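Asker: The file below is coords-v2.cif, mmCIF, C-alpha atoms:
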data_structure
loop_
_atom_site.label_atom_id
_atom_site.label_comp_id
_atom_site.auth_asym_id
_atom_site.auth_seq_id
_atom_site.Cartn_x
_atom_site.Cartn_y
_atom_site.Cartn_z
CA MET K 1 41.99 -38.86 48.50
CA ILE K 2 38.75 -39.05 46.52
CA ASP K 3 36.65 -38.31 49.62
CA ALA K 4 38.75 -35.23 50.46
CA THR K 5 38.45 -33.87 46.94
CA HIS K 6 34.71 -34.40 47.00
CA GLY K 7 34.46 -32.51 50.27
CA VAL K 8 36.40 -29.54 48.89
CA MET K 9 34.15 -29.40 45.82
CA LEU K 10 31.02 -29.58 47.98
CA ARG K 11 32.21 -26.66 50.14
CA MET K 12 32.99 -24.63 46.98
CA ASN K 13 29.51 -25.30 45.57
CA ARG K 14 27.91 -24.18 48.84
CA ARG K 15 29.89 -20.93 48.83
CA ALA K 16 28.93 -20.31 45.18
CA LEU K 17 25.26 -20.91 45.97
CA LYS K 18 25.46 -18.55 48.94
CA ARG K 19 26.83 -15.79 46.70
CA LEU K 20 24.13 -16.45 44.07
CA ARG K 21 21.26 -16.46 46.59
CA PRO K 22 20.56 -12.66 46.38
CA VAL K 23 20.53 -12.83 42.60
CA LEU K 24 18.12 -15.77 42.58
CA LEU K 25 15.83 -14.00 45.04
CA CYS K 26 15.80 -10.92 42.82
CA LEU K 27 14.85 -12.98 39.78
CA VAL K 28 12.01 -14.59 41.71
CA CYS K 29 10.73 -11.15 42.75
CA LEU K 30 10.85 -9.88 39.18
CA SER K 31 9.00 -12.91 37.87
CA SER K 32 6.17 -12.24 40.33
CA LEU K 33 5.62 -8.68 39.06
CA PRO K 34 2.66 -8.14 36.64
CA ALA K 35 3.65 -7.96 32.97
CA ALA K 36 3.89 -4.48 31.48
CA GLN K 37 0.67 -3.61 29.69
CA ALA K 38 1.18 -2.89 25.98
CA ARG K 39 -0.64 0.18 24.70
CA ASN K 40 -3.72 -0.59 22.63
CA THR K 41 -5.54 2.65 21.88
CA THR K 42 -8.85 2.30 20.06
CA LEU K 43 -9.56 5.00 17.49
CA VAL K 44 -12.61 5.52 15.30
CA LEU K 45 -11.61 7.60 12.29
CA PRO K 46 -13.21 8.84 9.05
CA VAL K 47 -12.78 6.75 5.92
CA GLU K 48 -13.13 9.49 3.31
CA PRO K 49 -9.74 11.23 3.84
CA VAL K 50 -7.97 7.93 3.20
CA LEU K 51 -9.94 7.17 0.04
CA ARG K 52 -9.22 10.63 -1.34
CA GLN K 53 -5.44 10.34 -0.95
CA ALA K 54 -3.54 10.00 -4.22
CA ALA K 55 -1.46 7.17 -2.74
CA THR K 56 -4.66 5.24 -1.97
CA ARG K 57 -6.00 5.70 -5.48
CA GLN K 58 -2.65 4.61 -6.88
CA LEU K 59 -2.59 1.45 -4.74
CA LEU K 60 -6.23 0.40 -5.10
CA GLY K 61 -6.91 1.41 -8.68
CA GLN K 62 -10.44 2.24 -9.76
CA ASP K 63 -11.71 -1.02 -11.17
CA VAL K 64 -13.21 -2.19 -7.84
CA ALA K 65 -15.91 -0.11 -6.13
CA ILE K 66 -15.82 0.12 -2.31
CA GLN K 67 -18.87 0.48 -0.09
CA PHE K 68 -18.61 0.74 3.72
CA GLY K 69 -21.41 -0.31 6.05
CA ALA K 70 -23.06 -3.68 6.63
CA THR K 71 -26.05 -2.90 4.42
CA LEU K 72 -25.55 -4.15 0.88
CA PRO K 73 -26.20 -1.62 -1.89
CA ASP K 74 -29.06 -2.15 -4.33
CA GLY K 75 -28.04 -4.11 -7.39
CA ALA K 76 -25.01 -5.77 -5.80
CA GLU K 77 -24.72 -9.47 -6.65
CA VAL K 78 -22.53 -11.16 -4.00
CA VAL K 79 -19.99 -13.59 -5.45
CA GLN K 80 -18.05 -14.31 -2.23
CA GLN K 81 -19.57 -13.99 1.22
CA LEU K 82 -16.37 -13.27 3.16
CA VAL K 83 -13.41 -11.13 2.16
CA GLU K 84 -11.02 -10.17 4.97
CA GLY K 85 -8.32 -7.54 5.22
CA HIS K 86 -5.57 -7.19 7.84
CA GLY K 87 -3.62 -3.95 7.71
CA VAL K 88 -0.55 -3.28 9.87
CA ALA K 89 1.52 -0.08 9.79
CA LYS K 90 4.40 1.24 11.88
CA PRO K 91 4.85 4.81 13.16
CA TYR K 92 8.48 4.71 12.03
CA GLY K 93 10.49 3.02 9.31
CA PRO K 94 13.82 2.95 7.48
CA TRP K 95 13.62 6.71 7.07
CA ASN K 96 13.42 7.14 10.87
CA SER K 97 15.32 4.28 12.50
CA HIS K 98 15.73 6.13 15.81
CA LYS K 99 11.96 6.23 16.28
CA ASP K 100 11.92 9.99 16.88
CA ASN K 101 9.33 12.25 15.26
CA THR K 102 7.12 9.23 14.67
CA LEU K 103 3.82 9.47 12.84
CA SER K 104 0.69 10.24 14.85
CA ASP K 105 -1.79 7.46 15.63
CA ASP K 106 -4.21 8.90 13.09
CA LYS K 107 -1.62 8.81 10.28
CA VAL K 108 -0.46 5.28 11.08
CA CYS K 109 -4.08 4.10 11.20
CA GLN K 110 -4.65 5.59 7.75
CA LEU K 111 -1.72 3.58 6.41
CA ALA K 112 -3.09 0.41 8.04
CA LEU K 113 -6.55 1.00 6.52
CA ARG K 114 -5.01 1.48 3.08
CA GLN K 115 -3.16 -1.83 3.37
CA ALA K 116 -6.23 -3.72 4.60
CA LEU K 117 -8.27 -2.40 1.67
CA ALA K 118 -5.50 -3.30 -0.78
CA ASP K 119 -5.60 -6.93 0.39
CA MET K 120 -9.38 -7.05 0.02
CA VAL K 121 -9.48 -5.39 -3.40
CA GLN K 122 -6.95 -7.94 -4.65
CA MET K 123 -9.17 -10.76 -3.40
CA VAL K 124 -12.23 -9.22 -5.10
CA ARG K 125 -10.35 -9.13 -8.41
CA LYS K 126 -9.54 -12.84 -8.04
CA THR K 127 -13.23 -13.67 -7.66
CA GLY K 128 -14.08 -11.77 -10.83
CA GLY K 129 -16.04 -9.21 -8.80
CA THR K 130 -16.25 -5.49 -9.47
CA ALA K 131 -17.07 -4.27 -5.96
CA LEU K 132 -16.12 -4.67 -2.31
CA VAL K 133 -19.35 -4.20 -0.36
CA GLY K 134 -20.59 -4.60 3.20
CA VAL K 135 -17.23 -3.47 4.59
CA VAL K 136 -17.11 -3.29 8.40
CA SER K 137 -14.36 -3.10 10.99
CA ASN K 138 -13.73 -6.50 12.56
CA TYR K 139 -10.97 -6.23 15.18
CA GLY K 140 -10.98 -9.30 17.43
CA ASN K 141 -13.96 -10.62 15.43
CA HIS K 142 -16.14 -7.85 16.87
CA ALA K 143 -17.87 -6.13 13.98
CA MET K 144 -18.37 -2.36 13.93
CA SER K 145 -20.52 -1.16 11.04
CA SER K 146 -20.31 2.41 9.78
CA VAL K 147 -20.75 3.94 6.36
CA ASP K 148 -18.06 6.57 6.95
CA GLN K 149 -15.79 5.46 9.82
CA PHE K 150 -13.37 2.63 10.61
CA GLU K 151 -11.88 1.23 13.81
CA CYS K 152 -8.13 1.14 14.41
CA HIS K 153 -6.04 -0.14 17.32
CA ALA K 154 -2.78 1.74 17.81
CA GLY K 155 0.19 0.86 19.99
CA ASP K 156 3.72 2.15 20.41
CA THR K 157 5.14 0.01 17.61
CA LYS K 158 2.24 -0.53 15.20
CA ALA K 159 -1.38 0.14 14.31
CA VAL K 160 -3.79 -2.58 13.21
CA VAL K 161 -6.95 -2.40 11.13
CA ASP K 162 -9.04 -5.54 10.57
CA LEU K 163 -11.91 -5.45 8.08
CA LYS K 164 -14.36 -7.86 6.53
CA GLY K 165 -16.70 -7.49 3.60
CA ARG K 166 -18.08 -9.24 0.54
CA ALA K 167 -17.02 -9.50 -3.07
CA ALA K 168 -19.78 -8.57 -5.48
CA LYS K 169 -20.62 -7.63 -9.02
CA TRP K 170 -22.04 -4.12 -8.96
CA ALA K 171 -22.40 -1.60 -11.77
CA ARG K 172 -20.87 1.36 -9.97
CA PRO K 173 -18.42 3.38 -12.12
CA THR K 174 -15.51 3.98 -9.74
CA ALA K 175 -14.12 2.68 -6.46
CA VAL K 176 -12.96 6.06 -5.13
CA ARG K 177 -14.73 9.34 -5.65
CA THR K 178 -12.55 11.55 -7.84
CA PRO K 179 -13.26 14.55 -10.06
CA ALA K 180 -15.12 13.48 -13.20
CA PRO K 181 -12.98 13.34 -16.34
CA VAL K 182 -13.40 16.35 -18.58
CA ALA K 183 -14.13 16.18 -22.30
CA ARG K 184 -11.08 15.52 -24.47
CA THR K 185 -10.38 15.46 -28.17
CA ALA K 186 -8.17 13.01 -30.00
CA ALA K 187 -4.62 14.23 -30.66
CA PRO K 188 -2.55 13.29 -33.71
CA GLY K 189 -0.73 9.99 -33.22
CA GLY K 190 -2.98 8.78 -30.38
CA GLY K 191 -3.08 10.45 -26.96
CA GLU K 192 -5.45 13.12 -25.74
CA GLU K 193 -5.51 16.87 -25.42
CA GLY K 194 -7.88 19.53 -24.18
CA SER K 195 -8.04 18.65 -20.46
CA VAL K 196 -8.69 21.43 -17.97
CA GLU K 197 -5.34 20.65 -16.35
CA PRO K 198 -3.06 19.44 -19.15
CA HIS K 199 0.43 18.02 -18.68
CA ARG K 200 2.85 20.67 -17.43
CA LYS K 201 5.56 19.29 -19.70
CA PRO K 202 5.33 18.96 -23.50
CA LEU K 203 3.98 15.60 -24.60
CA PRO K 204 6.63 13.37 -26.18
CA THR K 205 6.11 12.38 -29.78
CA ALA K 206 4.33 9.10 -30.44
CA THR K 207 6.81 6.56 -31.77
CA GLY K 208 4.54 4.13 -33.57
CA PHE K 209 5.99 1.24 -31.52
CA ALA K 210 2.46 -0.03 -30.88
CA ALA K 211 -1.13 1.12 -30.74
CA GLY K 212 -2.01 2.85 -27.50
CA ASP K 213 -4.62 0.23 -26.60
CA ASP K 214 -2.43 -2.79 -27.39
CA ALA K 215 -1.60 -4.07 -23.91
CA ASN K 216 0.08 -7.18 -25.30
CA ALA K 217 2.81 -5.02 -26.81
CA VAL K 218 3.92 -3.56 -23.47
CA PRO K 219 7.32 -5.16 -22.66
CA ILE K 220 6.36 -6.48 -19.21
CA ARG K 221 4.92 -9.69 -17.79
CA ASP K 222 1.24 -10.61 -18.08
CA GLU K 223 0.30 -9.09 -14.72
CA GLY K 224 1.75 -5.75 -15.81
CA GLN K 225 -0.11 -5.91 -19.10
CA ALA K 226 -3.34 -6.36 -17.15
CA ARG K 227 -2.51 -3.26 -15.13
CA TYR K 228 -1.83 -1.36 -18.37
CA ARG K 229 -5.34 -2.24 -19.53
CA HIS K 230 -6.60 -0.72 -16.27
CA TYR K 231 -4.37 2.32 -16.83
CA LEU K 232 -6.12 2.92 -20.18
CA THR K 233 -9.44 3.37 -18.35
CA LEU K 234 -8.11 6.11 -16.04
CA PRO K 235 -8.49 9.85 -16.64
CA SER K 236 -5.68 11.92 -18.13
CA PRO K 237 -3.20 13.50 -17.60
CA LYS K 238 -1.46 10.19 -17.00
CA ALA K 239 1.82 8.38 -17.64
CA PHE K 240 2.95 4.74 -17.58
CA VAL K 241 6.60 3.75 -17.06
CA VAL K 242 8.32 0.38 -17.47
CA TYR K 243 11.26 -0.61 -15.27
CA ALA K 244 14.37 -2.33 -16.59
CA SER K 245 13.50 -5.13 -14.14
CA GLY K 246 10.14 -5.67 -15.86
CA GLY K 247 8.09 -3.78 -13.27
CA TRP K 248 5.81 -0.83 -13.92
CA ARG K 249 4.30 2.26 -12.31
CA PHE K 250 1.71 4.80 -13.40
CA PHE K 251 0.19 8.08 -12.28
CA TRP K 252 -3.11 9.53 -13.52
CA ASN K 253 -5.34 12.58 -13.19
CA ASP K 254 -2.16 14.54 -12.47
CA PRO K 255 -0.56 17.24 -14.68
CA ASP K 256 2.85 16.14 -13.31
CA ALA K 257 2.28 12.45 -14.03
CA MET K 258 5.32 12.09 -16.32
CA THR K 259 7.69 13.88 -13.95
CA LYS K 260 6.45 12.03 -10.87
CA ALA K 261 6.75 8.63 -12.50
CA LEU K 262 10.31 9.20 -13.71
CA ASP K 263 11.42 10.93 -10.51
CA ARG K 264 10.11 8.01 -8.44
CA CYS K 265 12.33 5.64 -10.43
CA ALA K 266 15.30 7.92 -9.79
CA GLN K 267 14.55 8.05 -6.06
CA GLU K 268 14.47 4.25 -5.96
CA GLY K 269 17.71 4.03 -7.93
CA LYS K 270 16.01 1.81 -10.54
CA PRO K 271 16.14 2.62 -14.27
CA CYS K 272 12.81 3.00 -16.03
CA TRP K 273 11.45 4.59 -19.20
CA LEU K 274 8.19 6.17 -20.30
CA TYR K 275 6.06 3.74 -22.22
CA ALA K 276 2.89 5.78 -22.64
CA VAL K 277 1.67 9.29 -21.95
CA ASP K 278 -2.12 9.42 -21.84
CA ASP K 279 -2.90 6.76 -24.50
CA ARG K 280 0.08 7.69 -26.68
CA VAL K 281 2.93 5.15 -26.87
CA VAL K 282 6.30 6.94 -26.64
CA TRP K 283 8.46 3.85 -26.20
CA HIS K 284 11.45 3.11 -28.46
CA ALA K 285 12.94 -0.31 -29.10
CA ASP K 286 16.31 1.49 -29.09
CA VAL K 287 17.27 2.11 -25.45
CA ALA K 288 19.26 5.20 -26.39
CA LYS K 289 16.10 6.88 -27.69
CA ARG K 290 13.89 6.19 -24.66
CA ILE K 291 12.87 8.82 -22.09
CA GLY K 292 14.37 7.71 -18.78
CA ASN K 293 14.54 10.89 -16.66
CA SER K 294 12.45 14.00 -16.20
CA ALA K 295 15.22 16.27 -17.57
CA GLN K 296 14.48 14.82 -21.02
CA LEU K 297 10.96 16.21 -20.88
CA GLY K 298 12.10 19.76 -21.51
CA PRO K 299 11.32 22.99 -19.65
#
Could you spell out this file's structure in structure tokens?
Answerer:
Amino acid sequence: MIDATHGVMLRMNRRALKRLRPVLLCLVCLSSLPAAQARNTTLVLPVEPVLRQAATRQLLGQDVAIQFGATLPDGAEVVQQLVEGHGVAKPYGPWNSHKDNTLSDDKVCQLALRQALADMVQMVRKTGGTALVGVVSNYGNHAMSSVDQFECHAGDTKAVVDLKGRAAKWARPTAVRTPAPVARTAAPGGGEEGSVEPHRKPLPTATGFAAGDDANAVPIRDEGQARYRHYLTLPSPKAFVVYASGGWRFFWNDPDAMTKALDRCAQEGKPCWLYAVDDRVVWHADVAKRIGNSAQLGP
């Protein structure tokens, strides 16, 4: 009885294998085909348009100077020989989940460069440096030195920019070339007036909550207070907002700085309030008296 059952099972297994033979052969054929080649387009693009973008200035700040090209500038004292940046950006995102109308290679590469520089600038700050110098493209550890161009590798799903440079102390005034600040005169209660392009909205009244240059009074964590100190060095018109979560955001050299800062909070669905406009503190300890949306700024 056992032998008969075994024979039946053996015949069934043979029939099953016979039916599966074409499928197995197909899989073998597919495995022998060469792998599809992923797109890796090399682009060499100008640096300057990226550095001039407001979003780049907002992300990088202006406390760290940036110099492209392998040659070190005169007067630069290197404090760290190697600073690396790896920037990755996608041609689509949450706003475009179906991957249609994706960004061009050039645009995605600009985003990747911005991210790579942001990583490097942060590292320079940690070393106590004031400049990122000797910046060259370094994809696959193959350096490409240029004073005004960078190398990017773009595919269907992402673009990659790899950079390397050095952290240094260098007495250069700004990291990104921007219009020079115009002369200003002190306004009552702190703050500044007299810019060529003043705020488009009326300046809120100073509240006396704190002195404009007292970063320790800003109701955010230490890192945010350090960024407020940097904010104080930037040209007006400018505005600094504090989030209910303890975060912060600021815009500068922009006559719509107040509106943009508050509208960005609204777009994110996160409550925030104006802390300072130019160097004038407009913050209230009483939440009901704070400015939390652009409609409160008046016509």
Asker: I would like the residues chosen by the PyMOL selection byres ((chain K and resi 37-44) around 8) on the shown file; could you give them as an NGL selection string?
Answerer: :K and (35-36 or 45-46 or 106 or 149-156)
Asker: Could the residues in this selection be written to a file with C-alpha atoms, as an mmCIF file, in the coordinates of the input?
Answerer:
data_model
loop_
_atom_site.group_PDB
_atom_site.id
_atom_site.type_symbol
_atom_site.label_atom_id
_atom_site.label_comp_id
_atom_site.auth_asym_id
_atom_site.auth_seq_id
_atom_site.Cartn_x
_atom_site.Cartn_y
_atom_site.Cartn_z
ATOM 1 C CA ALA K 35 3.650 -7.960 32.970
ATOM 2 C CA ALA K 36 3.890 -4.480 31.480
ATOM 3 C CA LEU K 45 -11.610 7.600 12.290
ATOM 4 C CA PRO K 46 -13.210 8.840 9.050
ATOM 5 C CA ASP K 106 -4.210 8.900 13.090
ATOM 6 C CA GLN K 149 -15.790 5.460 9.820
ATOM 7 C CA PHE K 150 -13.370 2.630 10.610
ATOM 8 C CA GLU K 151 -11.880 1.230 13.810
ATOM 9 C CA CYS K 152 -8.130 1.140 14.410
ATOM 10 C CA HIS K 153 -6.040 -0.140 17.320
ATOM 11 C CA ALA K 154 -2.780 1.740 17.810
ATOM 12 C CA GLY K 155 0.190 0.860 19.990
ATOM 13 C CA ASP K 156 3.720 2.150 20.410
#
Asker: Take the PyMOL selection byres ((chain K and resi 107) around 12), apply it to the structure above, and return the hits as a ChimeraX atom specification.
Answerer: /K:43,45-46,49-50,53,89-92,102-106,108-114,152,154,158-160
Asker: Grab the CA of Ser294 (chain K) to CA of Thr205 (chain K) distance for me, in Å with one decimal place.
Answerer: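 Atom-to-atom, CA of Ser294 (chain K) to CA of Thr205 (chain K), that is 15.1 Å.
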Asker: Have a look at CA of Trp248 (chain K) and CA of Gly224 (chain K) and let me know their distance in Å, one decimal.
Answerer: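 We find that CA of Trp248 (chain K) and CA of Gly224 (chain K) lie 6.7 Å from each other.
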Asker: Which residues come within 12 Å of region 55-59 of chain K, counting all atoms listed in the file, excluding same-chain residues fewer than 4 positions away, as a VMD selection string?
Answerer: chain K and resid 47 to 51 63 to 66 110 to 122 174 to 178 227 230 to 231 234 238 249 to 254 257 261
Asker: Calculate how many Å separate CA of Tyr275 (chain K) from CA of Ala226 (chain K), rounding to one decimal.
Answerer: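 Going from CA of Tyr275 (chain K) over to CA of Ala226 (chain K), I get 14.7 Å.
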Asker: Applying the PyMOL selection byres ((chain K and resi 265) around 10) to the file I just gave you, which residues come out? Please list them as a list in words.
Answerer: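 That expression, the PyMOL selection byres ((chain K and resi 265) around 10), corresponds here to Val241, Val242, Tyr243, Trp248, Arg249, Lys260, Ala261, Leu262, Asp263, Arg264, Ala266, Gln267, Glu268, Gly269, Lys270, Pro271, Cys272, Trp273, Gly292 and Asn293 of chain K.
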Asker: Could the residues in this selection be written to a file with C-alpha atoms, as a compact mmCIF listing (two decimals), in the coordinates of the input?
Answerer:
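Listed below is the output, part09.txt:
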# COMPACT_ATOMS: atom_id res chain seq x y z
CA VAL K 241 6.60 3.75 -17.06
CA VAL K 242 8.32 0.38 -17.47
CA TYR K 243 11.26 -0.61 -15.27
CA TRP K 248 5.81 -0.83 -13.92
CA ARG K 249 4.30 2.26 -12.31
CA LYS K 260 6.45 12.03 -10.87
CA ALA K 261 6.75 8.63 -12.50
CA LEU K 262 10.31 9.20 -13.71
CA ASP K 263 11.42 10.93 -10.51
CA ARG K 264 10.11 8.01 -8.44
CA ALA K 266 15.30 7.92 -9.79
CA GLN K 267 14.55 8.05 -6.06
CA GLU K 268 14.47 4.25 -5.96
CA GLY K 269 17.71 4.03 -7.93
CA LYS K 270 16.01 1.81 -10.54
CA PRO K 271 16.14 2.62 -14.27
CA CYS K 272 12.81 3.00 -16.03
CA TRP K 273 11.45 4.59 -19.20
CA GLY K 292 14.37 7.71 -18.78
CA ASN K 293 14.54 10.89 -16.66
Asker: Tell me which residues come within 9 Å of (-21.3, -12.5, -6.1), as a ChimeraX atom specification, counting all atoms listed in the file in the file's coordinates.
Answerer: /K:76-81,127-129,166-170
Asker: Pick out the closest residue to Ala143 (chain K) from this set: K:Asn216, K:Gly165, K:Thr207, K:Pro237. Count all atoms listed in the file.
Answerer: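 Nearest candidate to Ala143 (chain K) out of K:Asn216, K:Gly165, K:Thr207, K:Pro237: K:Gly165.
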Asker: Between K:Gly212, K:Ala244, K:Gln296, K:Ile291, which one has atoms that come closest to Asp279 (chain K), using all atoms listed in the file?
Answerer: K:Gly212
Asker: Here is a test: counting all atoms listed in the file, which residue of K:Gln225, K:Thr259, K:Gly298, K:Val136 is nearest to Pro202 (chain K)?
Answerer: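 Closest to Pro202 (chain K) of all the choices is K:Gly298.
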